[in-house]
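Peer 1: I have a structure I would like to understand better, so I am pasting it below and will then ask my questions one at a time.
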Amino acid sequence: MSERTLAVVTGGLRQPSSSRLLADKLAAAAGDELTRLGVTPKIEVIELRDHAHEITDNLLTGFAGAAFAKVVETVAGADGLVAVSPIFTASYSGLFKSFVDVLPDGSLAGKPVLIGATGGTARHSLALDHALRPLFAYTRSIVIPTGVFAAPEDWGGDEEGGRLDKRVSRAAAELAAEVARRDPATVEDPFALKTSFEDLLAGE
């Protein structure tokens with residue numbers, strides 16, 4: 001079986017976090033779908049809360065520290081991305097947006113992305129399509145059709161939980177199909193020499 005990596009980025013600010021709960025559900029469902037398609041899933045979870053200071057440092061200096069650079073590389077090198085943010089004031093969180101801002105240009109281009117969000121009321125579900133989807137469209141990602149929003153009532157009884165599970169399953173299947181049909185992602189080293197040393201000497 002071939003292997004594909006899913007990076008799971010969650011922008012929840014608290015612990016426990018409903019954004020992390022939703023991200024875990026989406027990642028597990030996508031992993032199951034990849035397995036069903038004959039692909040071995042590798043899930044890499046990134047909680048932005050744990051990297052808030054490093055994200056700020058990157059914004060201020062323009063450079064990622066060694067530890068945070070590995071986080072960025074994980075996202076850039078993933079075959080697919082699950083991105084979940086809490087909704088504050090009708091949009092994604094500032095921490096979530098700051099992380100997207102420090103990703104290298106082009107690192108999300110062509111990458112399948114499943115968007116998810118959580119909020120205190122179902123009315124915030126509109127943020128999926130007026131905030132998160134345009135954000136990732138700008139990065140030239142391939143945003144899958146189904147986004148998943150979870151309101152407090154979605155974590156309640158069997159009926160509400162069942163509706164959430166159906167949305168999660170549909171979105172996960174769409175992401176897995178998009179990831180499985182593509183070749184494994186490759187990341188080009190920006191510092192790698194594209195010309196041999198001999199050719200460089202010959203050009204002098």
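The chains in the structure tokens are called A, B, ... from first to last as shown; in each chain the residues are counted from 1, and the ligands are counted from 1 in the order shown.
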I want to know what sits within 6 Å of range 3-15 of chain A, based on only C-alpha atoms, with residues of the same chain fewer than 3 positions away left out; could you give that as a PyMOL selection string?
Peer 2: chain A and resi 19-20+39-49+75+78-86+96
Peer 1: Using N, CA, C and O atoms, can you export the residues from the last selection as a CSV table (one decimal), in the first residue's frame?
Peer 2:
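The file below, out03.csv, is the result:
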chain,number,residue,atom,x,y,z
A,19,SER,N,-12.7,22.7,18.4
A,19,SER,CA,-12.0,22.7,17.1
A,19,SER,C,-11.1,21.4,17.0
A,19,SER,O,-11.1,20.8,16.0
A,20,ARG,N,-10.4,21.1,18.1
A,20,ARG,CA,-9.6,19.9,18.1
A,20,ARG,C,-10.5,18.6,18.0
A,20,ARG,O,-10.1,17.7,17.3
A,39,VAL,N,-4.8,3.0,0.5
A,39,VAL,CA,-3.7,3.9,0.8
A,39,VAL,C,-3.5,3.9,2.3
A,39,VAL,O,-4.4,4.0,3.1
A,40,THR,N,-2.2,3.9,2.7
A,40,THR,CA,-1.9,4.0,4.2
A,40,THR,C,-1.9,5.4,4.6
A,40,THR,O,-1.1,6.2,4.1
A,41,PRO,N,-2.7,5.8,5.6
A,41,PRO,CA,-2.7,7.2,6.0
A,41,PRO,C,-1.7,7.5,7.1
A,41,PRO,O,-1.5,6.6,8.0
A,42,LYS,N,-1.0,8.6,7.0
A,42,LYS,CA,-0.1,9.1,8.1
A,42,LYS,C,-0.7,10.4,8.5
A,42,LYS,O,-0.8,11.4,7.8
A,43,ILE,N,-1.2,10.5,9.8
A,43,ILE,CA,-1.8,11.7,10.3
A,43,ILE,C,-0.9,12.5,11.2
A,43,ILE,O,-0.3,12.0,12.1
A,44,GLU,N,-0.7,13.8,10.8
A,44,GLU,CA,0.2,14.7,11.6
A,44,GLU,C,-0.7,15.8,12.1
A,44,GLU,O,-1.2,16.7,11.3
A,45,VAL,N,-0.9,15.9,13.4
A,45,VAL,CA,-1.7,16.9,14.0
A,45,VAL,C,-0.9,18.1,14.5
A,45,VAL,O,0.1,17.9,15.2
A,46,ILE,N,-1.4,19.3,14.2
A,46,ILE,CA,-0.7,20.5,14.6
A,46,ILE,C,-1.7,21.4,15.3
A,46,ILE,O,-2.6,21.9,14.7
A,47,GLU,N,-1.5,21.6,16.6
A,47,GLU,CA,-2.3,22.5,17.4
A,47,GLU,C,-1.6,23.9,17.4
A,47,GLU,O,-0.5,24.0,18.0
A,48,LEU,N,-2.2,24.8,16.8
A,48,LEU,CA,-1.6,26.1,16.7
A,48,LEU,C,-1.4,26.8,18.0
A,48,LEU,O,-0.5,27.6,18.2
A,49,ARG,N,-2.2,26.5,19.0
A,49,ARG,CA,-2.1,27.0,20.3
A,49,ARG,C,-0.7,26.8,20.9
A,49,ARG,O,-0.1,27.6,21.6
A,75,VAL,N,3.3,20.8,7.0
A,75,VAL,CA,2.1,21.3,6.2
A,75,VAL,C,2.5,21.3,4.7
A,75,VAL,O,1.7,20.9,3.9
A,78,ALA,N,2.7,17.8,3.1
A,78,ALA,CA,1.5,16.9,3.3
A,78,ALA,C,0.8,16.7,1.9
A,78,ALA,O,0.8,17.6,1.1
A,79,ASP,N,0.2,15.6,1.8
A,79,ASP,CA,-0.6,15.3,0.6
A,79,ASP,C,-2.0,15.9,0.7
A,79,ASP,O,-2.6,16.1,-0.4
A,80,GLY,N,-2.4,16.2,1.9
A,80,GLY,CA,-3.7,16.8,2.1
A,80,GLY,C,-3.8,17.5,3.4
A,80,GLY,O,-2.9,17.3,4.3
A,81,LEU,N,-4.7,18.4,3.5
A,81,LEU,CA,-4.8,19.3,4.7
A,81,LEU,C,-6.2,19.3,5.3
A,81,LEU,O,-7.1,19.5,4.5
A,82,VAL,N,-6.3,19.1,6.6
A,82,VAL,CA,-7.5,19.3,7.3
A,82,VAL,C,-7.3,20.6,8.1
A,82,VAL,O,-6.4,20.6,9.0
A,83,ALA,N,-8.1,21.6,7.9
A,83,ALA,CA,-7.9,22.9,8.6
A,83,ALA,C,-9.2,23.3,9.3
A,83,ALA,O,-10.2,23.5,8.7
A,84,VAL,N,-9.1,23.4,10.6
A,84,VAL,CA,-10.2,23.7,11.4
A,84,VAL,C,-9.9,24.9,12.3
A,84,VAL,O,-8.9,25.0,13.0
A,85,SER,N,-10.8,25.9,12.3
A,85,SER,CA,-10.7,27.1,13.1
A,85,SER,C,-11.9,27.4,13.9
A,85,SER,O,-13.0,27.2,13.4
A,86,PRO,N,-11.8,27.9,15.1
A,86,PRO,CA,-13.0,28.5,15.8
A,86,PRO,C,-13.4,29.8,15.0
A,86,PRO,O,-12.6,30.4,14.4
A,96,PHE,N,-5.1,31.5,13.6
A,96,PHE,CA,-5.2,30.6,12.4
A,96,PHE,C,-4.8,31.4,11.2
A,96,PHE,O,-4.0,30.9,10.4
Peer 1: If you run DSSP over the backbone, which residues in range 4-136 of chain A end up strand (DSSP E or B)? Put them as a PyMOL selection string.
Peer 2: chain A and resi 4-10+39-47+80-88+91-92+112-118
Peer 1: Show me, as a ChimeraX atom specification, the residues that have an atom within 12 Å of Pro134 in chain A when counting only C-alpha atoms, minus same-chain residues fewer than 5 positions from it.
Peer 2: /A:91-92,115,127-129,139-143
Peer 1: Next, dump the selected residues to file, keeping only N, CA, C and O atoms, as a JSON list (two decimals), in the first residue's frame.
Peer 2:
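Everything below was put into out-v7.json:
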[["chain", "number", "residue", "atom", "x", "y", "z"],
["A", 91, "SER", "N", -15.52, 35.28, 11.62],
["A", 91, "SER", "CA", -14.41, 34.85, 10.76],
["A", 91, "SER", "C", -13.48, 33.92, 11.55],
["A", 91, "SER", "O", -13.70, 33.66, 12.73],
["A", 92, "TYR", "N", -12.44, 33.42, 10.87],
["A", 92, "TYR", "CA", -11.46, 32.56, 11.50],
["A", 92, "TYR", "C", -10.69, 33.33, 12.55],
["A", 92, "TYR", "O", -10.66, 34.56, 12.57],
["A", 115, "ILE", "N", -11.99, 22.03, 4.85],
["A", 115, "ILE", "CA", -12.15, 23.10, 5.83],
["A", 115, "ILE", "C", -13.23, 22.75, 6.85],
["A", 115, "ILE", "O", -14.25, 22.16, 6.52],
["A", 127, "ALA", "N", -19.50, 31.30, 7.92],
["A", 127, "ALA", "CA", -18.08, 31.66, 7.83],
["A", 127, "ALA", "C", -17.28, 30.65, 7.01],
["A", 127, "ALA", "O", -16.22, 30.98, 6.48],
["A", 128, "LEU", "N", -17.76, 29.42, 6.91],
["A", 128, "LEU", "CA", -17.07, 28.43, 6.08],
["A", 128, "LEU", "C", -16.92, 28.94, 4.65],
["A", 128, "LEU", "O", -15.85, 28.83, 4.05],
["A", 129, "ASP", "N", -18.01, 29.51, 4.13],
["A", 129, "ASP", "CA", -18.01, 29.90, 2.72],
["A", 129, "ASP", "C", -17.65, 31.36, 2.48],
["A", 129, "ASP", "O", -17.23, 31.71, 1.39],
["A", 139, "THR", "N", -4.85, 30.89, -1.68],
["A", 139, "THR", "CA", -3.57, 30.17, -1.65],
["A", 139, "THR", "C", -3.47, 29.14, -2.78],
["A", 139, "THR", "O", -2.49, 28.42, -2.86],
["A", 140, "ARG", "N", -4.50, 29.10, -3.63],
["A", 140, "ARG", "CA", -4.57, 28.20, -4.79],
["A", 140, "ARG", "C", -4.66, 26.73, -4.35],
["A", 140, "ARG", "O", -4.23, 25.84, -5.08],
["A", 141, "SER", "N", -5.21, 26.51, -3.17],
["A", 141, "SER", "CA", -5.48, 25.14, -2.72],
["A", 141, "SER", "C", -6.69, 24.59, -3.48],
["A", 141, "SER", "O", -7.47, 25.33, -4.06],
["A", 142, "ILE", "N", -6.84, 23.27, -3.42],
["A", 142, "ILE", "CA", -8.03, 22.62, -3.96],
["A", 142, "ILE", "C", -8.97, 22.37, -2.77],
["A", 142, "ILE", "O", -8.82, 21.41, -2.03],
["A", 143, "VAL", "N", -9.90, 23.29, -2.56],
["A", 143, "VAL", "CA", -10.81, 23.18, -1.42],
["A", 143, "VAL", "C", -11.95, 22.25, -1.79],
["A", 143, "VAL", "O", -12.67, 22.50, -2.77]]
Peer 1: May I have the residues within 8 Å of Arg167 in chain A as a ChimeraX atom specification, using only C-alpha atoms and disregarding those fewer than 3 positions away in the same chain?
Peer 2: /A:146,148,163-164,170-171
Peer 1: Measuring atom to atom with only C-alpha atoms, identify which of A:Thr89, A:Thr35, A:Ser169, A:Thr74 is nearest to Ser2 in chain A.
Peer 2: A:Thr35
Peer 1: Calculate how many Å separate CA of Glu54 in chain A from CA of Val71 in chain A, rounding to one decimal.
Peer 2: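 Between these atoms lies a distance of 10.4 Å.
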Peer 1: With distances taken over only C-alpha atoms, which of A:Ala67, A:Ala28, A:Val102, A:Leu21 is nearest to Trp155 in chain A?
Peer 2: A:Leu21
Peer 1: One decimal, in Å: what's the spacing between CA of Ala117 in chain A and CA of Leu103 in chain A?
Peer 2: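 Pair CA of Ala117 in chain A / CA of Leu103 in chain A returns 20.1 Å.
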Peer 1: Assign secondary structure with DSSP using the backbone only, and return the residues of range 51-160 of chain A in helix (DSSP H, G or I) as a PyMOL selection string.
Peer 2: chain A and resi 51-61+66-77+94-102+122-138+152-155+158-160
Peer 1: Nearest to Ala52 in chain A among A:Phe68, A:Thr118, A:Val113, A:Asp154, with distances taken over only C-alpha atoms: which residue is it?
Peer 2: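 Using only C-alpha atoms, Ala52 in chain A sits closest to A:Phe68.
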Peer 1: Which distance in Å separates CA of Val168 in chain A and CA of Gly116 in chain A, to one decimal?
Peer 2: 9.4 Å
Peer 1: I want to know what sits within 12 Å of Tyr138 in chain A, based on only C-alpha atoms, with residues of the same chain fewer than 6 positions away left out; could you give that as number ranges by chain?
Peer 2: A: 100-101, 105-110, 131-132
Peer 1: Output N, CA, C and O atoms for every residue in that selection, as a PDB file, in the first residue's frame.
Peer 2:
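Result file again-v5.pdb:
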ATOM      1  N   VAL A 100      -1.421  30.888   8.510  1.00  0.00           N
ATOM      2  CA  VAL A 100      -1.485  30.866   7.048  1.00  0.00           C
ATOM      3  C   VAL A 100      -0.580  31.944   6.466  1.00  0.00           C
ATOM      4  O   VAL A 100       0.078  31.737   5.440  1.00  0.00           O
ATOM      5  N   ASP A 101      -0.498  33.092   7.135  1.00  0.00           N
ATOM      6  CA  ASP A 101       0.335  34.190   6.642  1.00  0.00           C
ATOM      7  C   ASP A 101       1.816  33.842   6.603  1.00  0.00           C
ATOM      8  O   ASP A 101       2.554  34.378   5.759  1.00  0.00           O
ATOM      9  N   ASP A 105       5.050  31.155   0.224  1.00  0.00           N
ATOM     10  CA  ASP A 105       4.212  31.328  -0.960  1.00  0.00           C
ATOM     11  C   ASP A 105       4.214  30.050  -1.801  1.00  0.00           C
ATOM     12  O   ASP A 105       5.275  29.475  -2.074  1.00  0.00           O
ATOM     13  N   GLY A 106       3.041  29.632  -2.200  1.00  0.00           N
ATOM     14  CA  GLY A 106       2.924  28.465  -3.067  1.00  0.00           C
ATOM     15  C   GLY A 106       2.920  27.138  -2.347  1.00  0.00           C
ATOM     16  O   GLY A 106       2.730  26.093  -2.966  1.00  0.00           O
ATOM     17  N   SER A 107       3.104  27.136  -1.015  1.00  0.00           N
ATOM     18  CA  SER A 107       3.207  25.865  -0.298  1.00  0.00           C
ATOM     19  C   SER A 107       1.884  25.116  -0.229  1.00  0.00           C
ATOM     20  O   SER A 107       1.862  23.903  -0.008  1.00  0.00           O
ATOM     21  N   LEU A 108       0.770  25.811  -0.425  1.00  0.00           N
ATOM     22  CA  LEU A 108      -0.539  25.148  -0.409  1.00  0.00           C
ATOM     23  C   LEU A 108      -1.134  25.010  -1.815  1.00  0.00           C
ATOM     24  O   LEU A 108      -2.224  24.451  -1.961  1.00  0.00           O
ATOM     25  N   ALA A 109      -0.441  25.510  -2.815  1.00  0.00           N
ATOM     26  CA  ALA A 109      -0.976  25.480  -4.175  1.00  0.00           C
ATOM     27  C   ALA A 109      -1.213  24.042  -4.633  1.00  0.00           C
ATOM     28  O   ALA A 109      -0.323  23.200  -4.550  1.00  0.00           O
ATOM     29  N   GLY A 110      -2.425  23.769  -5.094  1.00  0.00           N
ATOM     30  CA  GLY A 110      -2.752  22.449  -5.602  1.00  0.00           C
ATOM     31  C   GLY A 110      -2.987  21.399  -4.538  1.00  0.00           C
ATOM     32  O   GLY A 110      -3.237  20.233  -4.863  1.00  0.00           O
ATOM     33  N   ALA A 131     -15.451  33.086   4.595  1.00  0.00           N
ATOM     34  CA  ALA A 131     -14.143  33.393   5.176  1.00  0.00           C
ATOM     35  C   ALA A 131     -13.114  32.304   4.854  1.00  0.00           C
ATOM     36  O   ALA A 131     -12.097  32.564   4.203  1.00  0.00           O
ATOM     37  N   LEU A 132     -13.352  31.076   5.312  1.00  0.00           N
ATOM     38  CA  LEU A 132     -12.351  30.016   5.137  1.00  0.00           C
ATOM     39  C   LEU A 132     -12.164  29.619   3.677  1.00  0.00           C
ATOM     40  O   LEU A 132     -11.021  29.477   3.205  1.00  0.00           O
TER      41      LEU A 132
END
Peer 1: Select, from A:Asn58, A:Ala180, A:Gly119, A:Leu114, the residue with the minimum atom-to-atom distance to Arg133 in chain A, counting only C-alpha atoms.
Peer 2: A:Leu114
